[in-house]
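Structure, as structure tokens:
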Amino acid sequence: MEDILGIAEKKINNRTFIGTGKFSSFALMQEALLAVGTDVVTVALRRVDISSQKDNILDYIPKSCIIMPNTSGARNADEAVRIARLAKAAGCGNWVKIEVISDNKYLLPDNLETLKAVEILAKEGFVVLPYMSPDLSMAKRMIDAGAVCVMPLGSPIGSNRGVKTEELVRIMVSELSVPVVVDAGLGKPSDACKCMEMGCAAVLVNTAIAISRDPVNMAVAFNEAVKAGRRAYISGIPSGEITAKASSPLTGFLGRNV
Amino acid sequence: MIIRINGKNEEITNSINLADFIKGKGFKERAIVVEYNNNIIPQEDWHNVLLQDNDVLEIVSFVSGG
């Protein structure tokens, strides 16, 4: 049974989006991406270090991947828009993950500036995926402004604390008609599985894979968890009960007087 | 003349076009995007831009990121 995720005009098979940060080498990153067969990969944009020319990261990302540049470094909407336009000029497509952060301690996104960036970039024809703090009304505004999905955080970037925002994400999944992709803070495969069981469309994972002892194997573990969670969700997870419900008939017991 | 490239001032003795300047720096042309005085200049137009005093260049490329 096909279970494709449609975002903009793309048909996405693999619901484990992977960030390229923090890997010990581009070669290892490439191995992890290939092992998973991921469809969506994030990159950042920075000034070139004139004194030391490094390898081109694009040479290590499978050609079949959708490249989603983030606007990390942006502290407001104007900076995010500027970064997005530069990223688009690199010629790798028009997807952009809007990331606007002025909080250096928790790296929590600024939803208001993110919304402003969504409005501008969606009008310019970008496929806009905003990274945001889970907030249903803000998510609705972003969607009205042209966001094709929303990406609420699970917990702070790089914290590996899991889906601390579970209840708010659950509400978003229930009320929104666009894909909800949990991004940031997922620390272990069961976190990703939980997101998918809740009905999220996909997850974006970076740190927990890149800094593990065996990133390739960890990437596969995350992907298997995403697949398990998704399969469970579409199979219809039974709701929890307070009291027990016996699994065998309550009659015909041996040694009982009838 | 002085131009500002990636936040640092640099002295250029002779007038030079953007394409030659980038080539001279040894950048991998296919991997970079250039913003010249707040305008993105496509690679095919680099040779049309003559650097002037006080020009501001931002030369960026993709790096790792989540």
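Please note that chains go A, B, ... in the order of the structure tokens, that every chain numbers its residues from 1, and that ligands are numbered from 1 in the order shown.
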Considering only helix (DSSP H, G or I) as DSSP defines it on the backbone, what residues of chain B qualify? List them as a PyMOL selection string.
chain B and resi 18-25+29-31+43-48
Identify, on the basis of only C-alpha atoms, every residue whose closest approach to Gly199 of chain A does not exceed 9 Å; exclude the query and any residue fewer than 5 positions from it along the same chain; express the result as a PyMOL selection string.
chain A and resi 170+173-174+180+194+229-230+233-234
File of the preceding selection, all heavy atoms, as a JSON list (two decimals), in the first residue's frame:
[["chain", "number", "residue", "atom", "x", "y", "z"],
["A", 170, "ARG", "N", 0.37, 17.40, 19.29],
["A", 170, "ARG", "CA", -0.81, 16.56, 19.07],
["A", 170, "ARG", "C", -2.00, 17.41, 18.63],
["A", 170, "ARG", "O", -2.75, 17.05, 17.73],
["A", 170, "ARG", "CB", -1.14, 15.82, 20.39],
["A", 170, "ARG", "CG", -1.78, 14.49, 20.23],
["A", 170, "ARG", "CD", -2.03, 13.85, 21.61],
["A", 170, "ARG", "NE", -0.85, 13.22, 22.16],
["A", 170, "ARG", "CZ", -0.46, 11.98, 21.84],
["A", 170, "ARG", "NH1", -1.14, 11.28, 20.98],
["A", 170, "ARG", "NH2", 0.61, 11.47, 22.41],
["A", 173, "VAL", "N", -1.50, 18.47, 15.01],
["A", 173, "VAL", "CA", -1.78, 17.37, 14.07],
["A", 173, "VAL", "C", -3.29, 17.21, 13.90],
["A", 173, "VAL", "O", -3.79, 17.00, 12.80],
["A", 173, "VAL", "CB", -1.15, 16.06, 14.58],
["A", 173, "VAL", "CG1", -1.67, 14.87, 13.80],
["A", 173, "VAL", "CG2", 0.36, 16.12, 14.49],
["A", 174, "SER", "N", -4.00, 17.36, 15.01],
["A", 174, "SER", "CA", -5.44, 17.17, 14.98],
["A", 174, "SER", "C", -6.16, 18.26, 14.21],
["A", 174, "SER", "O", -7.16, 18.00, 13.52],
["A", 174, "SER", "CB", -5.95, 17.12, 16.44],
["A", 174, "SER", "OG", -7.34, 17.17, 16.49],
["A", 180, "VAL", "N", 2.56, 18.05, 9.46],
["A", 180, "VAL", "CA", 3.27, 18.55, 10.63],
["A", 180, "VAL", "C", 4.54, 17.72, 10.77],
["A", 180, "VAL", "O", 4.48, 16.49, 10.86],
["A", 180, "VAL", "CB", 2.39, 18.42, 11.90],
["A", 180, "VAL", "CG1", 3.19, 18.82, 13.14],
["A", 180, "VAL", "CG2", 1.13, 19.26, 11.76],
["A", 194, "LYS", "N", 7.26, 7.99, 18.36],
["A", 194, "LYS", "CA", 6.14, 8.64, 19.06],
["A", 194, "LYS", "C", 5.53, 9.72, 18.19],
["A", 194, "LYS", "O", 4.30, 9.84, 18.10],
["A", 194, "LYS", "CB", 6.64, 9.24, 20.38],
["A", 194, "LYS", "CG", 5.58, 10.01, 21.15],
["A", 194, "LYS", "CD", 6.16, 10.68, 22.38],
["A", 194, "LYS", "CE", 5.91, 9.82, 23.60],
["A", 194, "LYS", "NZ", 6.21, 10.51, 24.86],
["A", 229, "GLY", "N", 6.34, 3.72, 13.49],
["A", 229, "GLY", "CA", 5.34, 4.65, 14.02],
["A", 229, "GLY", "C", 4.30, 5.01, 12.99],
["A", 229, "GLY", "O", 3.10, 5.09, 13.28],
["A", 230, "ARG", "N", 4.75, 5.19, 11.77],
["A", 230, "ARG", "CA", 3.82, 5.54, 10.70],
["A", 230, "ARG", "C", 2.89, 4.38, 10.41],
["A", 230, "ARG", "O", 1.68, 4.55, 10.25],
["A", 230, "ARG", "CB", 4.62, 5.91, 9.44],
["A", 230, "ARG", "CG", 3.75, 6.26, 8.22],
["A", 230, "ARG", "CD", 2.94, 7.49, 8.44],
["A", 230, "ARG", "NE", 2.03, 7.74, 7.31],
["A", 230, "ARG", "CZ", 1.10, 8.66, 7.30],
["A", 230, "ARG", "NH1", 0.91, 9.44, 8.35],
["A", 230, "ARG", "NH2", 0.32, 8.80, 6.25],
["A", 233, "TYR", "N", 0.33, 4.20, 13.08],
["A", 233, "TYR", "CA", -0.67, 5.27, 12.98],
["A", 233, "TYR", "C", -1.72, 4.95, 11.93],
["A", 233, "TYR", "O", -2.92, 5.07, 12.17],
["A", 233, "TYR", "CB", 0.02, 6.59, 12.65],
["A", 233, "TYR", "CG", -0.94, 7.72, 12.38],
["A", 233, "TYR", "CD1", -1.66, 8.31, 13.41],
["A", 233, "TYR", "CD2", -1.17, 8.17, 11.07],
["A", 233, "TYR", "CE1", -2.57, 9.33, 13.16],
["A", 233, "TYR", "CE2", -2.08, 9.18, 10.82],
["A", 233, "TYR", "CZ", -2.77, 9.76, 11.87],
["A", 233, "TYR", "OH", -3.67, 10.76, 11.62],
["A", 234, "ILE", "N", -1.27, 4.51, 10.75],
["A", 234, "ILE", "CA", -2.25, 4.26, 9.69],
["A", 234, "ILE", "C", -3.02, 2.96, 9.93],
["A", 234, "ILE", "O", -4.05, 2.73, 9.29],
["A", 234, "ILE", "CB", -1.61, 4.28, 8.28],
["A", 234, "ILE", "CG1", -0.56, 3.21, 8.11],
["A", 234, "ILE", "CG2", -1.04, 5.65, 7.98],
["A", 234, "ILE", "CD1", 0.07, 3.20, 6.70]]
Neighbours of chain A in chain B at 12 Å, counting only C-alpha atoms, as a PyMOL selection string
chain B and resi 5-8+22+24-36+38-43+57-66
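For the pair atom CA of Asn111 of chain A and atom CA of Val128 of chain A, the separation is 14.0 Å.
Distance-wise, atom CA of Ile61 of chain A and atom CA of Glu224 of chain A end up 20.8 Å apart.
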Separating atom CA of Asp53 of chain B from atom CA of Arg4 of chain B, to the nearest tenth of an Å, is a gap of 9.2 Å
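Proximity to Gln52 of chain B was assessed for B:Asp20, B:Asn9, B:Asn37, B:Met1 counting only C-alpha atoms; the smallest distance is recorded for B:Met1.
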Using DSSP secondary structure from the backbone, list all strand (DSSP E) positions within segment 3-43 of chain B, as a ChimeraX atom specification.
/B:3-5,8-11,32-36,39-41
For Lys227 of chain A, work out the shell of residues within 10 Å, counting only C-alpha atoms and skipping chain neighbours fewer than 3 positions away, then give it as an mmCIF file with N, CA and C atoms, in the first residue's frame.
data_model
loop_
_atom_site.group_PDB
_atom_site.id
_atom_site.type_symbol
_atom_site.label_atom_id
_atom_site.label_comp_id
_atom_site.auth_asym_id
_atom_site.auth_seq_id
_atom_site.Cartn_x
_atom_site.Cartn_y
_atom_site.Cartn_z
ATOM 1 N N ASN A 14 10.237 8.796 1.934
ATOM 2 C CA ASN A 14 10.938 8.586 3.195
ATOM 3 C C ASN A 14 10.634 9.732 4.149
ATOM 4 N N ARG A 15 10.053 9.379 5.308
ATOM 5 C CA ARG A 15 9.592 10.404 6.249
ATOM 6 C C ARG A 15 10.635 10.748 7.314
ATOM 7 N N THR A 16 11.854 10.319 7.101
ATOM 8 C CA THR A 16 12.950 10.687 8.006
ATOM 9 C C THR A 16 13.797 11.734 7.295
ATOM 10 N N ALA A 192 11.121 9.597 17.698
ATOM 11 C CA ALA A 192 10.622 9.740 16.333
ATOM 12 C C ALA A 192 9.395 8.862 16.125
ATOM 13 N N CYS A 193 9.446 7.671 16.700
ATOM 14 C CA CYS A 193 8.308 6.748 16.581
ATOM 15 C C CYS A 193 7.073 7.372 17.215
ATOM 16 N N MET A 196 5.460 9.929 14.980
ATOM 17 C CA MET A 196 4.719 9.322 13.866
ATOM 18 C C MET A 196 3.439 8.660 14.355
ATOM 19 N N GLU A 197 3.491 8.050 15.536
ATOM 20 C CA GLU A 197 2.284 7.432 16.092
ATOM 21 C C GLU A 197 1.219 8.484 16.353
ATOM 22 N N ALA A 202 6.208 13.557 9.249
ATOM 23 C CA ALA A 202 7.627 13.233 9.139
ATOM 24 C C ALA A 202 8.331 13.823 10.335
ATOM 25 N N ALA A 221 18.340 3.185 12.498
ATOM 26 C CA ALA A 221 17.451 2.945 13.641
ATOM 27 C C ALA A 221 16.323 3.975 13.664
ATOM 28 N N PHE A 222 16.675 5.241 13.457
ATOM 29 C CA PHE A 222 15.655 6.290 13.415
ATOM 30 C C PHE A 222 14.664 6.019 12.292
ATOM 31 N N ASN A 223 15.172 5.649 11.148
ATOM 32 C CA ASN A 223 14.292 5.423 10.008
ATOM 33 C C ASN A 223 13.341 4.260 10.264
ATOM 34 N N GLU A 224 13.851 3.219 10.885
ATOM 35 C CA GLU A 224 12.989 2.069 11.190
ATOM 36 C C GLU A 224 11.915 2.479 12.201
ATOM 37 N N ARG A 230 4.750 5.188 11.772
ATOM 38 C CA ARG A 230 3.821 5.544 10.697
ATOM 39 C C ARG A 230 2.888 4.381 10.407
ATOM 40 N N ARG A 231 3.450 3.177 10.366
ATOM 41 C CA ARG A 231 2.633 1.995 10.091
ATOM 42 C C ARG A 231 1.591 1.824 11.192
ATOM 43 N N ALA A 232 2.004 2.067 12.438
ATOM 44 C CA ALA A 232 1.064 1.940 13.553
ATOM 45 C C ALA A 232 -0.052 2.966 13.418
ATOM 46 N N TYR A 233 0.327 4.203 13.083
ATOM 47 C CA TYR A 233 -0.672 5.268 12.980
ATOM 48 C C TYR A 233 -1.719 4.946 11.928
#
